[in-house]
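> File name start_36.pdb; file contents PDB, C-alpha atoms; full text below.
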```pdb
ATOM      1  CA  MET A   1     109.561   9.063 244.698
ATOM      2  CA  HIS A   2     111.681  11.577 242.880
ATOM      3  CA  ILE A   3     112.817  14.943 244.288
ATOM      4  CA  VAL A   4     114.248  17.686 242.092
ATOM      5  CA  VAL A   5     115.720  20.813 243.626
ATOM      6  CA  SER A   6     116.455  23.799 241.417
ATOM      7  CA  PHE A   7     117.663  27.275 242.244
ATOM      8  CA  ARG A   8     115.999  30.071 240.377
ATOM      9  CA  ASP A   9     117.312  32.916 242.438
ATOM     10  CA  GLN A  10     118.057  36.150 240.548
ATOM     11  CA  ALA A  11     121.420  36.591 242.311
ATOM     12  CA  LEU A  12     122.511  33.124 241.226
ATOM     13  CA  SER A  13     121.366  33.821 237.679
ATOM     14  CA  ARG A  14     123.351  37.082 237.616
ATOM     15  CA  TYR A  15     126.394  35.243 239.004
ATOM     16  CA  ALA A  16     126.104  32.570 236.305
ATOM     17  CA  ALA A  17     125.761  35.282 233.640
ATOM     18  CA  ARG A  18     128.903  37.060 234.980
ATOM     19  CA  LEU A  19     130.848  33.792 234.901
ATOM     20  CA  ALA A  20     129.745  33.240 231.314
ATOM     21  CA  SER A  21     130.811  36.779 230.331
ATOM     22  CA  LEU A  22     134.222  36.248 231.942
ATOM     23  CA  ALA A  23     134.837  33.295 229.671
ATOM     24  CA  GLY A  24     134.096  35.525 226.714
ATOM     25  CA  GLY A  25     135.397  38.936 225.738
ATOM     26  CA  GLU A  26     135.168  40.923 228.988
ATOM     27  CA  GLY A  27     137.111  38.431 231.096
ATOM     28  CA  ARG A  28     139.746  37.910 228.437
ATOM     29  CA  GLY A  29     140.272  41.667 228.129
ATOM     30  CA  VAL A  30     140.683  42.042 231.884
ATOM     31  CA  MET A  31     143.085  39.097 231.978
ATOM     32  CA  ALA A  32     145.130  40.626 229.162
ATOM     33  CA  GLN A  33     145.369  43.940 231.039
ATOM     34  CA  ALA A  34     146.440  42.151 234.223
ATOM     35  CA  LEU A  35     149.023  40.067 232.348
ATOM     36  CA  ASN A  36     150.466  43.186 230.701
ATOM     37  CA  GLU A  37     150.655  45.097 233.981
ATOM     38  CA  GLY A  38     152.259  42.188 235.804
ATOM     39  CA  GLY A  39     154.460  41.331 232.834
ATOM     40  CA  ARG A  40     155.948  44.834 232.753
ATOM     41  CA  ALA A  41     156.783  44.537 236.454
ATOM     42  CA  VAL A  42     158.425  41.156 235.829
ATOM     43  CA  ARG A  43     160.381  42.616 232.909
ATOM     44  CA  GLN A  44     161.708  45.435 235.115
ATOM     45  CA  ALA A  45     162.759  42.868 237.722
ATOM     46  CA  THR A  46     164.564  40.777 235.102
ATOM     47  CA  VAL A  47     166.377  43.846 233.737
ATOM     48  CA  ALA A  48     167.577  44.719 237.253
ATOM     49  CA  ALA A  49     168.677  41.126 237.908
ATOM     50  CA  GLU A  50     170.421  40.827 234.534
ATOM     51  CA  THR A  51     172.224  44.122 235.144
ATOM     52  CA  ALA A  52     173.678  42.704 238.355
ATOM     53  CA  GLN A  53     174.384  39.345 236.715
ATOM     54  CA  THR A  54     176.115  40.546 233.536
ATOM     55  CA  GLY A  55     177.645  43.929 234.309
ATOM     56  CA  LEU A  56     175.829  45.538 231.372
ATOM     57  CA  PRO A  57     174.158  48.922 231.955
ATOM     58  CA  GLY A  58     170.417  48.780 232.636
ATOM     59  CA  ASP A  59     169.559  50.975 229.637
ATOM     60  CA  THR A  60     171.423  48.572 227.333
ATOM     61  CA  LEU A  61     169.361  45.677 228.686
ATOM     62  CA  GLU A  62     166.157  47.747 228.443
ATOM     63  CA  ARG A  63     166.821  48.117 224.718
ATOM     64  CA  ALA A  64     167.820  44.462 224.311
ATOM     65  CA  GLN A  65     164.745  42.976 226.022
ATOM     66  CA  ARG A  66     161.512  43.394 224.107
ATOM     67  CA  GLU A  67     157.925  42.654 225.042
ATOM     68  CA  LEU A  68     155.046  41.169 223.122
ATOM     69  CA  PRO A  69     151.961  42.198 225.149
ATOM     70  CA  ALA A  70     148.871  40.075 225.733
ATOM     71  CA  ASP A  71     145.511  40.872 224.190
ATOM     72  CA  ALA A  72     142.038  39.321 224.321
ATOM     73  CA  GLY A  73     142.928  37.028 221.433
ATOM     74  CA  SER A  74     146.220  35.848 222.922
ATOM     75  CA  LEU A  75     146.557  35.651 226.695
ATOM     76  CA  SER A  76     150.340  35.501 226.611
ATOM     77  CA  TYR A  77     152.826  38.180 227.667
ATOM     78  CA  THR A  78     156.240  37.459 226.161
ATOM     79  CA  ILE A  79     159.660  38.870 227.053
ATOM     80  CA  TRP A  80     162.187  38.154 224.315
ATOM     81  CA  SER A  81     165.616  39.202 223.222
ATOM     82  CA  GLU A  82     167.911  38.798 220.270
ATOM     83  CA  GLY A  83     171.587  39.370 220.096
ATOM     84  CA  GLY A  84     174.963  37.868 219.730
ATOM     85  CA  ASN A  85     178.270  38.054 221.480
ATOM     86  CA  VAL A  86     178.307  41.468 223.245
ATOM     87  CA  ARG A  87     181.247  43.749 222.452
ATOM     88  CA  LEU A  88     183.610  44.684 225.288
ATOM     89  CA  LYS A  89     182.835  48.374 224.800
ATOM     90  CA  TYR A  90     179.633  47.948 226.837
ATOM     91  CA  PHE A  91     181.455  46.721 229.963
ATOM     92  CA  ASP A  92     183.184  49.966 231.053
ATOM     93  CA  ALA A  93     186.296  49.141 229.038
ATOM     94  CA  MET A  94     189.379  51.266 229.753
ATOM     95  CA  GLU A  95     192.762  51.191 228.067
ATOM     96  CA  GLY A  96     195.955  51.161 230.102
ATOM     97  CA  GLY A  97     199.081  49.167 230.863
ATOM     98  CA  GLY A  98     199.456  47.696 227.376
ATOM     99  CA  GLY A  99     195.906  46.375 227.181
ATOM    100  CA  VAL A 100     192.267  46.933 228.110
ATOM    101  CA  THR A 101     190.366  46.183 231.301
ATOM    102  CA  ALA A 102     186.640  45.434 231.005
ATOM    103  CA  HIS A 103     184.018  43.974 233.385
ATOM    104  CA  PRO A 104     181.852  41.271 231.779
ATOM    105  CA  TRP A 105     179.820  39.321 234.376
ATOM    106  CA  ASN A 106     180.857  42.067 236.846
ATOM    107  CA  ARG A 107     184.390  40.657 236.979
ATOM    108  CA  SER A 108     187.375  42.793 236.124
ATOM    109  CA  THR A 109     189.199  41.137 233.191
ATOM    110  CA  TYR A 110     192.425  42.293 231.546
ATOM    111  CA  TYR A 111     192.879  41.819 227.786
ATOM    112  CA  ASP A 112     196.563  41.996 226.865
ATOM    113  CA  ARG A 113     197.534  43.948 223.719
ATOM    114  CA  ALA A 114     193.960  45.167 223.192
ATOM    115  CA  PHE A 115     193.342  48.859 222.525
ATOM    116  CA  ILE A 116     190.637  51.513 222.348
ATOM    117  CA  ASN A 117     192.693  54.617 221.525
ATOM    118  CA  SER A 118     195.137  55.328 218.725
ATOM    119  CA  GLY A 119     198.451  57.136 218.496
ATOM    120  CA  PRO A 120     201.995  56.682 219.777
ATOM    121  CA  PRO A 121     202.670  55.932 223.474
ATOM    122  CA  GLY A 122     202.246  59.017 225.625
ATOM    123  CA  ARG A 123     199.945  60.683 223.101
ATOM    124  CA  ARG A 124     197.153  58.136 222.696
ATOM    125  CA  VAL A 125     193.722  59.644 222.068
ATOM    126  CA  PRO A 126     190.251  58.280 221.309
ATOM    127  CA  SER A 127     189.786  57.747 217.602
ATOM    128  CA  PRO A 128     186.415  58.581 216.013
ATOM    129  CA  LYS A 129     187.014  55.725 213.552
ATOM    130  CA  LEU A 130     187.276  53.168 216.357
ATOM    131  CA  GLY A 131     184.042  54.339 218.020
ATOM    132  CA  GLY A 132     185.124  53.405 221.554
ATOM    133  CA  HIS A 133     185.214  49.689 220.736
ATOM    134  CA  VAL A 134     187.978  47.377 221.931
ATOM    135  CA  TYR A 135     190.261  46.021 219.205
ATOM    136  CA  ARG A 136     193.201  43.664 218.900
ATOM    137  CA  SER A 137     195.695  43.261 216.057
ATOM    138  CA  VAL A 138     195.031  40.234 213.881
ATOM    139  CA  GLY A 139     197.906  37.980 212.848
ATOM    140  CA  GLY A 140     200.280  39.081 215.622
ATOM    141  CA  SER A 141     201.477  42.177 213.745
ATOM    142  CA  ARG A 142     202.273  45.145 215.990
ATOM    143  CA  ARG A 143     202.656  47.515 213.032
ATOM    144  CA  TRP A 144     200.299  50.423 212.652
ATOM    145  CA  GLY A 145     197.901  50.018 209.786
ATOM    146  CA  GLY A 146     197.716  46.232 210.081
ATOM    147  CA  PRO A 147     194.468  44.289 210.271
ATOM    148  CA  ILE A 148     192.468  44.555 213.513
ATOM    149  CA  SER A 149     189.315  42.898 214.846
ATOM    150  CA  VAL A 150     186.700  43.883 217.412
ATOM    151  CA  MET A 151     186.939  42.008 220.710
ATOM    152  CA  ARG A 152     183.846  40.461 222.220
ATOM    153  CA  SER A 153     182.979  39.300 225.711
ATOM    154  CA  GLY A 154     181.529  35.833 225.197
ATOM    155  CA  LEU A 155     178.299  36.990 226.892
ATOM    156  CA  PHE A 156     174.980  36.517 225.073
ATOM    157  CA  ILE A 157     171.990  38.443 226.485
ATOM    158  CA  PRO A 158     169.334  35.839 225.486
ATOM    159  CA  VAL A 159     171.348  33.081 227.181
ATOM    160  CA  GLU A 160     171.811  35.162 230.338
ATOM    161  CA  MET A 161     168.038  35.726 230.496
ATOM    162  CA  THR A 162     167.520  31.991 231.061
ATOM    163  CA  ARG A 163     169.901  31.393 233.954
ATOM    164  CA  GLY A 164     171.065  32.648 237.328
ATOM    165  CA  GLN A 165     169.534  35.654 239.045
ATOM    166  CA  THR A 166     167.584  36.668 235.945
ATOM    167  CA  ALA A 167     165.776  33.329 235.629
ATOM    168  CA  ALA A 168     165.031  33.353 239.377
ATOM    169  CA  ALA A 169     163.582  36.889 239.145
ATOM    170  CA  PHE A 170     161.392  35.811 236.225
ATOM    171  CA  ASP A 171     160.102  32.676 237.980
ATOM    172  CA  LYS A 172     159.316  34.566 241.185
ATOM    173  CA  GLY A 173     157.626  37.434 239.325
ATOM    174  CA  ALA A 174     155.587  35.173 237.037
ATOM    175  CA  ALA A 175     154.200  33.215 240.003
ATOM    176  CA  SER A 176     153.353  36.481 241.762
ATOM    177  CA  VAL A 177     151.534  37.885 238.715
ATOM    178  CA  LEU A 178     149.305  34.835 238.464
ATOM    179  CA  ALA A 179     148.658  34.607 242.191
ATOM    180  CA  THR A 180     147.873  38.272 242.776
ATOM    181  CA  THR A 181     147.286  40.505 239.767
ATOM    182  CA  VAL A 182     145.295  38.211 237.483
ATOM    183  CA  VAL A 183     143.274  36.474 240.219
ATOM    184  CA  ALA A 184     142.494  39.788 241.949
ATOM    185  CA  ARG A 185     141.275  41.398 238.716
ATOM    186  CA  LEU A 186     139.042  38.469 237.870
ATOM    187  CA  GLY A 187     137.718  38.321 241.428
ATOM    188  CA  ALA A 188     136.755  41.990 241.238
ATOM    189  CA  LEU A 189     134.559  41.283 238.233
ATOM    190  CA  LEU A 190     132.473  38.679 240.001
ATOM    191  CA  PRO A 191     129.338  39.914 241.799
TER     192      PRO A 191
END
```
Would you write the structure of this file as structure tokens?

Amino acid sequence: MHIVVSFRDQALSRYAARLASLAGGEGRGVMAQALNEGGRAVRQATVAAETAQTGLPGDTLERAQRELPADAGSLSYTIWSEGGNVRLKYFDAMEGGGGVTAHPWNRSTYYDRAFINSGPPGRRVPSPKLGGHVYRSVGGSRRWGGPISVMRSGLFIPVEMTRGQTAAAFDKGAASVLATTVVARLGALLP
């Protein structure tokens, strides 16, 4: 004896057809939209965390972090950044007391013999040629007109994105996007 049971219900057929369409174009498009929406929220969270972690202004980090959105052909939302050693100018640098105080990593740091302004003591003014950057004389010369170099913080935005508060914000946000946004959107498409 042999028993075969088959379901030929229209609702089950429609459900199977919906599942098949999700694997194709419609589902991939919805997933891409959900990844982009969630990815933008994660990016905002990482910018806020990196602002607190590094001491850089949020708008500077907004410009430094870029996104490569997902589409139906590539279900991957990417946050990336390029950049080198950030100049001290971007850390609220102020001249005074024979040097400059700046705040990389949200810590007040004094840089002896560094300068932002030009002119003799008592009449120092911002110089358009220096552009607000922090400089130090090269070669130990204290003479005006000697060689100078731009001072940098030692902070690299791409490196900071992968550690500390910023990495934690990314991990938490990425798990949330998968658990809520993407699954909810796909669930809404099923009959």
> Considering only C-alpha atoms, return as a list in words whatever protein or nucleic-acid residues lie within 12 Å of Ala49 of chain A, sequence-local ones (same chain, fewer than 5 positions apart) excluded.
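Within the cut-off, the hits are Val42, Arg43, Gln44, Thr54, Gly55, Leu56, Pro57, Gly58, Leu61, Glu62, Trp105, Glu160, Met161, Thr162, Arg163, Gly164, Gln165, Thr166, Ala167, Ala168, Ala169, Phe170, Lys172 and Gly173 of chain A.
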> Fewer than 3 positions away in the same chain doesn't count, so skip those; otherwise give me all residues within 8 Å of Ala34 of chain A, counting only C-alpha atoms, as a list in words.
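What passes the distance filter is Val30, Met31, Glu37, Gly38, Thr181, Val182 and Arg185 of chain A.
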> Nearest to Ser74 of chain A among A:Leu88, A:Ala48, A:Ala41, A:Leu35, with distances taken over all atoms listed in the file: which residue is it?
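Nearest candidate to Ser74 of chain A out of A:Leu88, A:Ala48, A:Ala41, A:Leu35: A:Leu35.
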> Which of these, A:Gly83, A:Gly27, A:Gly99, A:Pro69, has the shortest distance to Gly39 of chain A once you count only C-alpha atoms?
A:Pro69
> Which residues, written as a ChimeraX atom specification, have at least one atom at most 12 Å from Arg107 of chain A, with only C-alpha atoms counted and residues fewer than 2 positions away on the same chain left out?
/A:52-56,91-93,101-105,109-110,153
> Keeping only C-alpha atoms, take the residues you just selected and write them out as a short mmCIF file (atom, residue, chain, number, x, y, z; two decimals), in the coordinates of the input.

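Output contents, as saved in again-v4.cif:
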```cif
data_model
loop_
_atom_site.label_atom_id
_atom_site.label_comp_id
_atom_site.auth_asym_id
_atom_site.auth_seq_id
_atom_site.Cartn_x
_atom_site.Cartn_y
_atom_site.Cartn_z
CA ALA A 52 173.68 42.70 238.36
CA GLN A 53 174.38 39.34 236.72
CA THR A 54 176.12 40.55 233.54
CA GLY A 55 177.64 43.93 234.31
CA LEU A 56 175.83 45.54 231.37
CA PHE A 91 181.46 46.72 229.96
CA ASP A 92 183.18 49.97 231.05
CA ALA A 93 186.30 49.14 229.04
CA THR A 101 190.37 46.18 231.30
CA ALA A 102 186.64 45.43 231.00
CA HIS A 103 184.02 43.97 233.38
CA PRO A 104 181.85 41.27 231.78
CA TRP A 105 179.82 39.32 234.38
CA THR A 109 189.20 41.14 233.19
CA TYR A 110 192.42 42.29 231.55
CA SER A 153 182.98 39.30 225.71
#
```
> If you measure from atom CA of Asn36 of chain A to atom CA of Thr51 of chain A, what distance in Å do you get, rounded to one decimal?
22.2 Å
> Tell me, as a ChimeraX atom specification, which residues lie within 7 Å of Val100 of chain A, counting all atoms listed in the file; anything in the same chain fewer than 2 positions away does not count.
/A:93-96,102,110-112,114-115
> So what does the PyMOL selection byres ((chain A and resi 87) around 8) actually pick up in this one, as a list in words?
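Applying the expression gives Asn85, Val86, Leu88, Lys89, Tyr90, His133, Val134, Val150, Met151, Arg152 and Ser153 of chain A.
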> Would you work out the distance separating atom CA of Arg124 of chain A from atom CA of Asp59 of chain A, expressed in Å to one decimal?
29.3 Å
